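File shown here: target.txt, holding compact mmCIF, C-alpha atoms and all ligand atoms.
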```
# COMPACT_ATOMS: atom_id res chain seq x y z
CA MET A 1 -58.62 -20.60 22.33
CA MET A 2 -55.47 -18.53 22.22
CA GLN A 3 -55.18 -15.36 20.25
CA VAL A 4 -52.50 -12.76 19.73
CA TYR A 5 -53.69 -9.30 20.58
CA GLY A 6 -52.86 -5.68 19.97
CA ARG A 7 -49.87 -6.17 17.74
CA ARG A 8 -49.70 -3.01 15.72
CA LYS A 9 -51.41 -0.59 18.02
CA HIS A 10 -49.06 -1.15 20.91
CA SER A 11 -45.83 -1.43 19.00
CA SER A 12 -46.44 1.94 17.38
CA ARG A 13 -47.36 3.48 20.72
CA LEU A 14 -44.12 2.20 22.22
CA LYS A 15 -42.00 3.49 19.39
CA HIS A 16 -43.70 6.84 19.65
CA LYS A 17 -43.01 7.00 23.35
CA ARG A 18 -39.27 6.77 22.94
CA PRO A 19 -38.23 7.98 19.50
CA ALA A 20 -34.59 8.76 20.29
CA GLY A 21 -31.53 6.57 20.85
CA PRO A 22 -31.28 2.96 19.78
CA PHE A 23 -35.05 2.71 19.38
CA ALA A 24 -35.32 5.35 16.68
CA PRO A 25 -37.02 4.21 13.47
CA ALA A 26 -34.53 2.65 11.09
CA ARG A 27 -33.01 5.41 9.00
CA CYS A 28 -29.32 4.59 9.16
CA LYS A 29 -27.87 2.04 6.73
CA LEU A 30 -26.11 0.00 9.40
CA PRO A 31 -27.43 -3.42 10.24
CA GLN A 32 -29.62 -3.50 13.29
CA MET A 33 -31.56 -5.89 15.44
CA HIS A 34 -35.28 -6.44 15.27
CA LEU A 35 -36.94 -8.03 18.27
CA LYS A 36 -40.55 -9.06 18.73
CA ILE A 37 -42.32 -10.24 21.87
CA ILE A 38 -44.96 -12.55 20.42
CA GLY A 39 -45.89 -14.15 23.74
CA SER A 40 -45.46 -12.64 27.20
CA ALA A 41 -47.15 -14.94 29.75
CA ALA A 42 -45.58 -17.62 31.93
CA GLY A 43 -46.46 -21.32 31.48
CA GLY A 44 -50.20 -21.91 31.12
CA ALA A 45 -50.71 -18.49 29.48
CA PHE A 46 -53.41 -15.99 30.48
CA PRO A 47 -56.08 -17.15 30.99
CA GLN A 48 -54.92 -20.64 31.90
CA TRP A 49 -57.19 -23.53 30.90
CA ASN A 50 -57.79 -24.87 34.42
CA CYS A 51 -57.51 -21.62 36.37
CA SER A 52 -60.24 -19.60 37.96
CA CYS A 53 -58.08 -17.18 39.91
CA PRO A 54 -59.45 -13.61 40.17
CA ASN A 55 -57.45 -12.54 37.07
CA CYS A 56 -58.47 -15.48 34.84
CA ARG A 57 -62.09 -15.32 35.98
CA ALA A 58 -62.43 -11.58 35.37
CA LEU A 59 -60.78 -11.92 31.96
CA ARG A 60 -63.27 -14.60 30.91
CA GLU A 61 -66.16 -12.53 32.25
CA GLY A 62 -65.02 -9.51 30.26
CA THR A 63 -64.53 -7.35 33.34
CA PHE A 64 -60.72 -7.42 33.45
CA SER A 65 -58.73 -4.25 32.88
CA GLY A 66 -55.93 -5.80 30.86
CA LYS A 67 -55.08 -8.15 28.00
CA PRO A 68 -54.90 -11.92 27.51
CA ARG A 69 -51.42 -13.23 26.78
CA SER A 70 -49.91 -16.30 25.13
CA GLN A 71 -46.90 -18.13 26.56
CA THR A 72 -43.57 -16.35 26.42
CA GLN A 73 -42.03 -16.28 22.97
CA VAL A 74 -39.48 -13.84 21.56
CA ALA A 75 -38.16 -13.63 17.98
CA VAL A 76 -35.05 -11.77 16.85
CA SER A 77 -33.64 -10.88 13.44
CA ALA A 78 -30.66 -8.97 12.08
CA ASP A 79 -32.25 -8.14 8.73
CA GLY A 80 -36.00 -8.54 9.27
CA ARG A 81 -36.03 -11.58 6.95
CA ALA A 82 -34.35 -14.49 8.75
CA TRP A 83 -35.71 -14.85 12.29
CA PHE A 84 -34.46 -16.78 15.32
CA LEU A 85 -36.80 -17.83 18.09
CA LEU A 86 -35.75 -17.63 21.73
CA GLY A 87 -37.31 -20.86 22.92
CA ALA A 88 -40.26 -22.53 21.21
CA SER A 89 -43.49 -22.09 23.14
CA PRO A 90 -46.45 -24.51 23.14
CA ASP A 91 -48.46 -21.62 21.58
CA LEU A 92 -46.05 -21.32 18.67
CA ARG A 93 -48.42 -22.28 15.85
CA GLN A 94 -50.88 -19.51 16.70
CA GLN A 95 -48.06 -17.09 17.46
CA ILE A 96 -46.56 -17.67 14.00
CA GLU A 97 -49.94 -17.12 12.33
CA GLY A 98 -50.35 -13.87 14.29
CA THR A 99 -46.93 -12.58 13.15
CA PRO A 100 -46.74 -11.74 9.41
CA GLU A 101 -42.92 -11.61 9.52
CA LEU A 102 -42.91 -15.34 10.29
CA HIS A 103 -45.18 -16.42 7.43
CA PRO A 104 -43.73 -18.40 4.47
CA ARG A 105 -42.64 -16.11 1.63
CA ASP A 106 -40.76 -17.98 -1.07
CA GLY A 107 -41.79 -21.28 -2.61
CA LEU A 108 -44.29 -23.90 -1.52
CA ARG A 109 -42.50 -24.95 1.65
CA GLN A 110 -40.39 -22.29 3.32
CA SER A 111 -40.18 -20.37 6.57
CA PRO A 112 -38.45 -17.17 7.67
CA ILE A 113 -37.75 -19.02 10.94
CA ALA A 114 -34.09 -19.97 10.58
CA GLY A 115 -33.47 -21.34 14.03
CA VAL A 116 -34.17 -21.56 17.73
CA VAL A 117 -32.04 -20.73 20.77
CA LEU A 118 -32.98 -22.78 23.83
CA ALA A 119 -32.32 -21.16 27.21
CA ASN A 120 -33.48 -24.22 29.20
CA ALA A 121 -35.35 -27.52 28.81
CA ASP A 122 -38.64 -26.44 30.45
CA LEU A 123 -41.70 -27.76 28.62
CA ASP A 124 -43.06 -24.22 28.16
CA HIS A 125 -39.81 -23.34 26.42
CA VAL A 126 -39.24 -26.41 24.20
CA LEU A 127 -42.60 -28.03 23.34
CA GLY A 128 -43.00 -25.76 20.32
CA LEU A 129 -39.98 -27.44 18.69
CA LEU A 130 -42.23 -30.42 17.98
CA LEU A 131 -44.55 -28.07 16.06
CA LEU A 132 -41.65 -27.22 13.72
CA ARG A 133 -41.13 -30.82 12.61
CA GLU A 134 -42.35 -30.61 9.00
CA LEU A 135 -38.92 -31.32 7.51
CA GLN A 136 -37.95 -27.64 7.65
CA PRO A 137 -34.19 -26.99 7.91
CA LEU A 138 -33.52 -25.33 11.26
CA GLN A 139 -30.54 -24.43 13.39
CA VAL A 140 -31.05 -25.20 17.09
CA TYR A 141 -28.66 -23.78 19.67
CA ALA A 142 -28.62 -25.22 23.21
CA THR A 143 -26.25 -26.21 25.97
CA ALA A 144 -24.98 -29.78 25.62
CA SER A 145 -27.02 -30.72 28.71
CA VAL A 146 -30.30 -29.39 27.30
CA ARG A 147 -29.58 -31.08 23.96
CA ARG A 148 -28.96 -34.43 25.70
CA ILE A 149 -32.20 -34.19 27.69
CA LEU A 150 -34.24 -33.59 24.54
CA ARG A 151 -32.48 -35.82 22.05
CA GLU A 152 -31.33 -38.75 24.19
CA ASP A 153 -34.17 -39.01 26.72
CA ASN A 154 -37.24 -37.94 24.73
CA SER A 155 -37.73 -40.00 21.60
CA MET A 156 -40.39 -37.66 20.16
CA PHE A 157 -37.64 -35.18 19.33
CA ALA A 158 -36.27 -37.70 16.81
CA MET A 159 -39.01 -36.32 14.54
CA LEU A 160 -36.67 -33.38 14.03
CA GLN A 161 -33.99 -35.71 12.61
CA ARG A 162 -35.92 -37.70 10.00
CA ILE A 163 -33.81 -36.49 7.08
CA PRO A 164 -30.20 -35.21 6.84
CA ASN A 165 -29.89 -31.46 7.37
CA GLN A 166 -33.34 -31.17 8.90
CA VAL A 167 -32.34 -29.79 12.28
CA ALA A 168 -28.70 -28.97 12.96
CA TRP A 169 -27.88 -28.74 16.66
CA SER A 170 -25.09 -26.49 17.97
CA ASP A 171 -23.91 -26.52 21.56
CA PHE A 172 -23.03 -23.36 23.45
CA ARG A 173 -21.49 -22.81 26.87
CA ASP A 174 -21.89 -20.27 29.62
CA GLY A 175 -20.23 -17.00 28.58
CA GLU A 176 -19.61 -18.05 24.98
CA ALA A 177 -20.75 -15.74 22.17
CA PHE A 178 -22.01 -17.31 18.95
CA PRO A 179 -23.56 -15.86 15.77
CA LEU A 180 -27.16 -16.69 14.89
CA LEU A 181 -26.83 -18.02 11.36
CA PRO A 182 -29.29 -19.82 9.09
CA GLN A 183 -28.10 -23.27 7.94
CA SER A 184 -27.55 -21.96 4.42
CA ASN A 185 -25.67 -18.84 5.49
CA SER A 186 -21.97 -18.07 5.90
CA LEU A 187 -20.09 -15.70 8.20
CA LYS A 188 -19.63 -13.25 5.34
CA ASN A 189 -22.88 -11.52 6.15
CA ASN A 190 -22.09 -8.86 8.74
CA ALA A 191 -25.76 -8.28 9.55
CA THR A 192 -25.61 -10.90 12.26
CA VAL A 193 -26.94 -10.97 15.79
CA HIS A 194 -24.57 -12.59 18.28
CA CYS A 195 -25.91 -14.39 21.30
CA ARG A 196 -24.14 -14.99 24.60
CA ALA A 197 -25.47 -17.17 27.39
CA TRP A 198 -25.36 -16.32 31.08
CA SER A 199 -25.81 -19.22 33.47
CA LEU A 200 -28.62 -18.41 35.91
CA SER A 201 -29.46 -21.61 37.74
CA ASP A 202 -28.57 -25.30 38.15
CA HIS A 203 -32.24 -26.28 38.31
CA TYR A 204 -33.30 -28.82 35.65
CA PRO A 205 -37.00 -29.51 34.92
CA THR A 206 -38.85 -32.00 37.14
CA TYR A 207 -39.21 -34.48 34.27
CA VAL A 208 -35.44 -35.00 34.06
CA SER A 209 -34.53 -38.21 35.92
CA SER A 210 -32.21 -38.04 38.90
CA GLU A 211 -29.82 -40.41 37.12
CA ARG A 212 -29.63 -38.04 34.15
CA ARG A 213 -29.28 -34.99 36.40
CA GLY A 214 -26.11 -36.51 37.82
CA GLN A 215 -24.60 -36.55 34.31
CA LEU A 216 -25.42 -32.93 33.44
CA ALA A 217 -23.37 -29.79 33.99
CA PRO A 218 -24.93 -27.61 36.73
CA ASP A 219 -24.17 -24.40 34.84
CA GLU A 220 -26.06 -25.56 31.71
CA ALA A 221 -29.57 -25.82 33.19
CA SER A 222 -31.05 -22.36 32.80
CA MET A 223 -29.49 -19.53 30.88
CA GLY A 224 -30.14 -15.86 30.28
CA LEU A 225 -29.41 -14.73 26.72
CA ILE A 226 -27.68 -11.50 25.74
CA LEU A 227 -28.10 -10.48 22.11
CA THR A 228 -25.75 -8.04 20.42
CA SER A 229 -26.33 -6.48 17.01
CA SER A 230 -23.59 -5.64 14.50
CA THR A 231 -23.85 -2.02 15.61
CA GLY A 232 -23.32 -2.97 19.26
CA SER A 233 -26.85 -2.49 20.58
CA ARG A 234 -27.80 -5.11 23.15
CA ALA A 235 -30.92 -6.83 24.41
CA ALA A 236 -31.11 -9.14 27.43
CA TYR A 237 -33.61 -12.00 27.68
CA PHE A 238 -33.88 -13.19 31.30
CA PRO A 239 -37.28 -14.86 31.85
CA ALA A 240 -36.30 -16.96 34.89
CA VAL A 241 -33.96 -15.35 37.41
CA SER A 242 -33.51 -16.78 40.89
CA ARG A 243 -30.94 -14.28 42.15
CA ILE A 244 -29.21 -11.11 40.97
CA SER A 245 -25.47 -11.01 41.60
CA ASP A 246 -23.34 -7.86 41.33
CA GLU A 247 -21.85 -9.37 38.18
CA LEU A 248 -25.26 -9.78 36.60
CA LEU A 249 -26.28 -6.27 37.64
CA HIS A 250 -23.18 -4.92 35.90
CA GLU A 251 -23.96 -6.95 32.78
CA LEU A 252 -27.55 -5.72 32.61
CA GLU A 253 -26.35 -2.12 32.81
CA THR A 254 -24.57 -2.64 29.46
CA CYS A 255 -27.87 -3.48 27.71
CA ASP A 256 -30.28 -1.21 25.85
CA LEU A 257 -33.33 -3.40 26.33
CA LEU A 258 -34.03 -5.70 29.27
CA LEU A 259 -36.71 -8.40 29.16
CA PHE A 260 -36.82 -9.64 32.72
CA ASP A 261 -38.56 -12.25 34.88
CA GLY A 262 -42.04 -10.91 35.70
CA THR A 263 -43.50 -14.28 36.75
CA PHE A 264 -44.80 -13.50 40.24
CA TRP A 265 -45.51 -10.29 42.09
CA SER A 266 -44.85 -11.73 45.56
CA ASP A 267 -43.14 -14.78 46.98
CA ALA A 268 -46.31 -16.46 48.32
CA GLU A 269 -48.55 -15.49 45.38
CA LEU A 270 -49.27 -19.02 44.16
CA ILE A 271 -49.80 -20.37 47.67
CA ARG A 272 -52.24 -17.56 48.41
CA VAL A 273 -54.26 -18.22 45.25
CA GLN A 274 -54.16 -22.04 45.31
CA GLY A 275 -53.97 -22.67 49.04
CA ALA A 276 -50.82 -24.77 48.49
CA GLY A 277 -47.72 -25.01 46.34
CA GLN A 278 -44.28 -23.50 46.15
CA THR A 279 -43.01 -19.98 46.70
CA ALA A 280 -41.75 -17.94 43.77
CA THR A 281 -38.22 -18.30 45.13
CA GLN A 282 -38.54 -22.08 45.34
CA MET A 283 -39.64 -22.08 41.69
CA GLY A 284 -36.57 -20.06 40.67
CA HIS A 285 -38.20 -16.64 40.26
CA ILE A 286 -37.44 -13.42 42.13
CA PRO A 287 -40.75 -11.72 42.92
CA VAL A 288 -41.34 -8.52 40.92
CA LYS A 289 -41.73 -6.39 44.04
CA ASP A 290 -38.20 -7.38 45.09
CA THR A 291 -36.80 -6.85 41.59
CA LEU A 292 -38.14 -3.28 41.61
CA GLU A 293 -35.84 -2.59 44.56
CA THR A 294 -32.84 -4.67 43.47
CA LEU A 295 -32.75 -3.17 39.97
CA ALA A 296 -33.84 0.34 40.98
CA GLY A 297 -30.38 1.71 40.19
CA LEU A 298 -30.31 0.34 36.62
CA ARG A 299 -30.02 3.35 34.28
CA ARG A 300 -29.28 2.29 30.73
CA PRO A 301 -31.81 -0.30 29.60
CA ARG A 302 -35.46 0.11 28.82
CA LYS A 303 -36.91 -2.29 31.40
CA ILE A 304 -39.74 -4.66 30.59
CA PHE A 305 -41.23 -7.51 32.61
CA LEU A 306 -42.21 -10.60 30.62
CA HIS A 307 -43.03 -14.25 31.43
CA ILE A 308 -45.91 -13.05 33.61
CA ASN A 309 -47.98 -15.65 35.45
CA ASN A 310 -51.76 -15.36 35.20
CA THR A 311 -51.99 -14.90 38.99
CA ASN A 312 -49.79 -11.78 38.99
CA PRO A 313 -51.87 -8.78 40.14
CA MET A 314 -49.81 -6.36 38.01
CA LEU A 315 -51.59 -7.73 34.91
CA ASN A 316 -54.61 -5.75 36.07
CA GLN A 317 -54.11 -2.19 34.81
CA ALA A 318 -56.39 -0.88 37.54
CA SER A 319 -54.31 -2.44 40.33
CA ALA A 320 -51.95 -0.72 42.76
CA GLU A 321 -49.26 -3.22 41.70
CA HIS A 322 -49.56 -2.13 38.07
CA SER A 323 -49.16 1.51 39.11
CA ARG A 324 -46.12 0.69 41.24
CA VAL A 325 -44.39 -1.02 38.32
CA ARG A 326 -45.08 1.86 35.96
CA GLU A 327 -44.02 4.49 38.50
CA ALA A 328 -40.73 2.60 38.95
CA GLY A 329 -40.05 3.07 35.23
CA TRP A 330 -40.80 -0.50 34.15
CA GLU A 331 -43.19 -1.69 31.45
CA ILE A 332 -45.29 -4.87 31.43
CA ALA A 333 -44.93 -6.79 28.16
CA GLU A 334 -47.91 -7.51 25.93
CA ASP A 335 -48.02 -9.92 23.00
CA GLY A 336 -47.02 -8.16 19.77
CA TRP A 337 -44.59 -5.53 21.07
CA GLN A 338 -41.69 -4.95 18.71
CA PHE A 339 -38.41 -3.13 18.88
CA THR A 340 -35.63 -2.02 16.57
CA LEU A 341 -32.31 -1.58 18.31
ZN ZN A 401 -55.41 -17.73 36.72
```
What's the structure tokens form of this structure?
Amino acid sequence: MMQVYGRRKHSSRLKHKRPAGPFAPARCKLPQMHLKIIGSAAGGAFPQWNCSCPNCRALREGTFSGKPRSQTQVAVSADGRAWFLLGASPDLRQQIEGTPELHPRDGLRQSPIAGVVLANADLDHVLGLLLLRELQPLQVYATASVRRILREDNSMFAMLQRIPNQVAWSDFRDGEAFPLLPQSNSLKNNATVHCRAWSLSDHYPTYVSSERRGQLAPDEASMGLILTSSTGSRAAYFPAVSRISDELLHELETCDLLLFDGTFWSDAELIRVQGAGQTATQMGHIPVKDTLETLAGLRRPRKIFLHINNTNPMLNQASAEHSRVREAGWEIAEDGWQFTL
């Protein structure tokens, strides 16, 4: 069973910790950006159904110093009413129920969820789309390559196209900024969050056939997303980063909030726990202990690790790894954290 934990307690603690700057409680009249982390774990969540690693075992036994987490899911809104999901996690149904802002408000069938931005075609990032199939109008933004994988190769996604105007797909490209707009909206509303994609990797999911891979653009496989509010505040969503270029470093320094790849602590973490498998680097993730060094000079953003695998020792609040992360000025995301930028 998956639950969403600690929503209010921790969001208020975080706000209290940093009351100044772009995170101050909303008093000004200008439009802003609301962002919620409603899931913070990597694929499989924490605990994972078939995992008995030291973390998962201790959590089940009630001896773990730390929280369970659902699979990574972020929601963003310009006005606190229409929300856009970054990805659609397999835990989405429970995550929606645990998030009052995402509950239906007006009429018998309605949802504050206006759309979804897909950063890649990984199952942990797109399976939740199938949970949103009840004829609800939605805007879905993706690269043309990700759209083709889902719509042309996976017939289940046709359930999102049963009636006209059910799901409207929009393509975006690397570097292109686009406004997040509900289907019924127009550009007149200036309380709009703009999204810009940053190509991170040419690695498509294993389930994509080699024939199809040959037809897809390499720079459309896995994207980071940079969100900008009408007032200019910026949040970066980078849950899968295989390398950090000088260009990317410069880009991240322009952001106020950074949600960054916290999948694995060390390169051989999964091999050590399972006895076999791939390194973090082979799976397209920089280990956290390397990121702490590479991004040590980053000054502007509030830095938060998310997309944390259940094997990562930093999940344990009593661990040396947890202390190292905190001493380096980073935070470790929990389900339910919210921000106003
Ligand atoms: Zn585990």
Exercise. What separation in Å, quoted to one decimal, exists between CA of Arg302 (chain A) and CA of Leu257 (chain A)?
Worked result: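 Separation between CA of Arg302 (chain A) and CA of Leu257 (chain A): 4.8 Å.
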Exercise. Can I get the residues close to ligand ZN 401 (chain A) as a ChimeraX atom specification, where close means within 6 Å and we count all atoms listed in the file?
Worked result: /A:47-48,51-53,55-56,310-311
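Here CA of Leu216 (chain A) is placed at a distance of 23.5 Å from CA of Ser89 (chain A).
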Counting all atoms listed in the file, which residues sit no farther than 10 Å from the position (-43.0, -26.3, 12.7) in the file's frame? I'd like them as a compact mmCIF listing (two decimals) with C-alpha atoms, in the coordinates of the input.
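Generated file (result_24.txt):
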```txt
# COMPACT_ATOMS: atom_id res chain seq x y z
CA ALA A 88 -40.26 -22.53 21.21
CA LEU A 92 -46.05 -21.32 18.67
CA ARG A 93 -48.42 -22.28 15.85
CA ILE A 96 -46.56 -17.67 14.00
CA SER A 111 -40.18 -20.37 6.57
CA ILE A 113 -37.75 -19.02 10.94
CA GLY A 128 -43.00 -25.76 20.32
CA LEU A 129 -39.98 -27.44 18.69
CA LEU A 130 -42.23 -30.42 17.98
CA LEU A 131 -44.55 -28.07 16.06
CA LEU A 132 -41.65 -27.22 13.72
CA ARG A 133 -41.13 -30.82 12.61
CA GLU A 134 -42.35 -30.61 9.00
CA LEU A 135 -38.92 -31.32 7.51
CA GLN A 136 -37.95 -27.64 7.65
CA LEU A 138 -33.52 -25.33 11.26
CA LEU A 160 -36.67 -33.38 14.03
```
Exercise. Using all atoms listed in the file, which residues sit within 10 Å of Trp330 (chain A) once same-chain residues fewer than 4 positions away are excluded, as an MDAnalysis selection string?
Worked result: chainID A and resid 258 292 296 302:305 322:326
Any chance you could turn region 262-285 of chain A into a file with N, CA, C and O atoms, as a short mmCIF file (atom, residue, chain, number, x, y, z; two decimals), in the first residue's frame?
```cif
data_model
loop_
_atom_site.label_atom_id
_atom_site.label_comp_id
_atom_site.auth_asym_id
_atom_site.auth_seq_id
_atom_site.Cartn_x
_atom_site.Cartn_y
_atom_site.Cartn_z
N GLY A 262 18.55 12.59 -7.46
CA GLY A 262 19.08 12.03 -6.21
C GLY A 262 18.98 10.52 -6.20
O GLY A 262 18.89 9.90 -5.14
N THR A 263 18.97 9.90 -7.40
CA THR A 263 18.66 8.47 -7.51
C THR A 263 19.59 7.61 -6.65
O THR A 263 19.14 6.87 -5.78
N PHE A 264 20.89 7.69 -6.93
CA PHE A 264 21.84 6.81 -6.24
C PHE A 264 22.89 7.63 -5.50
O PHE A 264 23.33 8.67 -5.98
N TRP A 265 23.32 7.10 -4.36
CA TRP A 265 24.40 7.76 -3.63
C TRP A 265 25.75 7.53 -4.33
O TRP A 265 26.52 8.43 -4.55
N SER A 266 25.99 6.26 -4.71
CA SER A 266 27.29 5.92 -5.30
C SER A 266 27.09 5.14 -6.59
O SER A 266 26.01 4.61 -6.85
N ASP A 267 28.14 5.07 -7.38
CA ASP A 267 28.02 4.47 -8.71
C ASP A 267 27.68 2.98 -8.64
O ASP A 267 26.88 2.48 -9.43
N ALA A 268 28.22 2.25 -7.68
CA ALA A 268 28.03 0.80 -7.62
C ALA A 268 26.94 0.39 -6.63
O ALA A 268 26.81 -0.79 -6.29
N GLU A 269 26.11 1.37 -6.22
CA GLU A 269 25.13 1.11 -5.16
C GLU A 269 24.23 -0.10 -5.44
O GLU A 269 24.05 -0.98 -4.60
N LEU A 270 23.67 -0.16 -6.65
CA LEU A 270 22.72 -1.22 -6.98
C LEU A 270 23.43 -2.57 -7.07
O LEU A 270 22.89 -3.60 -6.64
N ILE A 271 24.64 -2.55 -7.60
CA ILE A 271 25.42 -3.79 -7.72
C ILE A 271 25.76 -4.32 -6.32
O ILE A 271 25.66 -5.52 -6.06
N ARG A 272 26.10 -3.40 -5.43
CA ARG A 272 26.44 -3.81 -4.07
C ARG A 272 25.23 -4.44 -3.37
O ARG A 272 25.34 -5.45 -2.69
N VAL A 273 24.07 -3.84 -3.55
CA VAL A 273 22.87 -4.34 -2.86
C VAL A 273 22.36 -5.64 -3.50
O VAL A 273 22.02 -6.60 -2.81
N GLN A 274 22.34 -5.68 -4.84
CA GLN A 274 21.74 -6.82 -5.55
C GLN A 274 22.74 -7.92 -5.90
O GLN A 274 22.34 -9.02 -6.25
N GLY A 275 24.01 -7.57 -5.91
CA GLY A 275 25.03 -8.53 -6.34
C GLY A 275 25.25 -8.52 -7.85
O GLY A 275 26.14 -9.19 -8.35
N ALA A 276 24.42 -7.76 -8.58
CA ALA A 276 24.57 -7.66 -10.03
C ALA A 276 23.81 -6.42 -10.50
O ALA A 276 23.12 -5.78 -9.72
N GLY A 277 23.94 -6.12 -11.79
CA GLY A 277 23.19 -4.99 -12.33
C GLY A 277 24.09 -3.96 -12.96
O GLY A 277 25.24 -4.24 -13.29
N GLN A 278 23.54 -2.77 -13.12
CA GLN A 278 24.26 -1.69 -13.79
C GLN A 278 24.73 -0.66 -12.78
O GLN A 278 24.17 -0.54 -11.68
N THR A 279 25.74 0.11 -13.19
CA THR A 279 26.16 1.24 -12.34
C THR A 279 25.16 2.38 -12.52
O THR A 279 24.39 2.42 -13.48
N ALA A 280 25.22 3.32 -11.59
CA ALA A 280 24.37 4.51 -11.69
C ALA A 280 24.65 5.23 -13.02
O ALA A 280 23.72 5.63 -13.73
N THR A 281 25.93 5.36 -13.36
CA THR A 281 26.31 6.06 -14.59
C THR A 281 25.73 5.35 -15.80
O THR A 281 25.22 6.01 -16.72
N GLN A 282 25.80 4.02 -15.82
CA GLN A 282 25.24 3.27 -16.95
C GLN A 282 23.73 3.48 -17.06
O GLN A 282 23.15 3.39 -18.14
N MET A 283 23.07 3.73 -15.92
CA MET A 283 21.62 3.95 -15.94
C MET A 283 21.27 5.42 -16.17
O MET A 283 20.09 5.80 -16.12
N GLY A 284 22.28 6.26 -16.40
CA GLY A 284 22.00 7.67 -16.73
C GLY A 284 21.83 8.57 -15.53
O GLY A 284 21.17 9.61 -15.63
N HIS A 285 22.44 8.19 -14.40
CA HIS A 285 22.34 9.02 -13.19
C HIS A 285 23.72 9.29 -12.59
O HIS A 285 24.48 8.36 -12.31
#
```
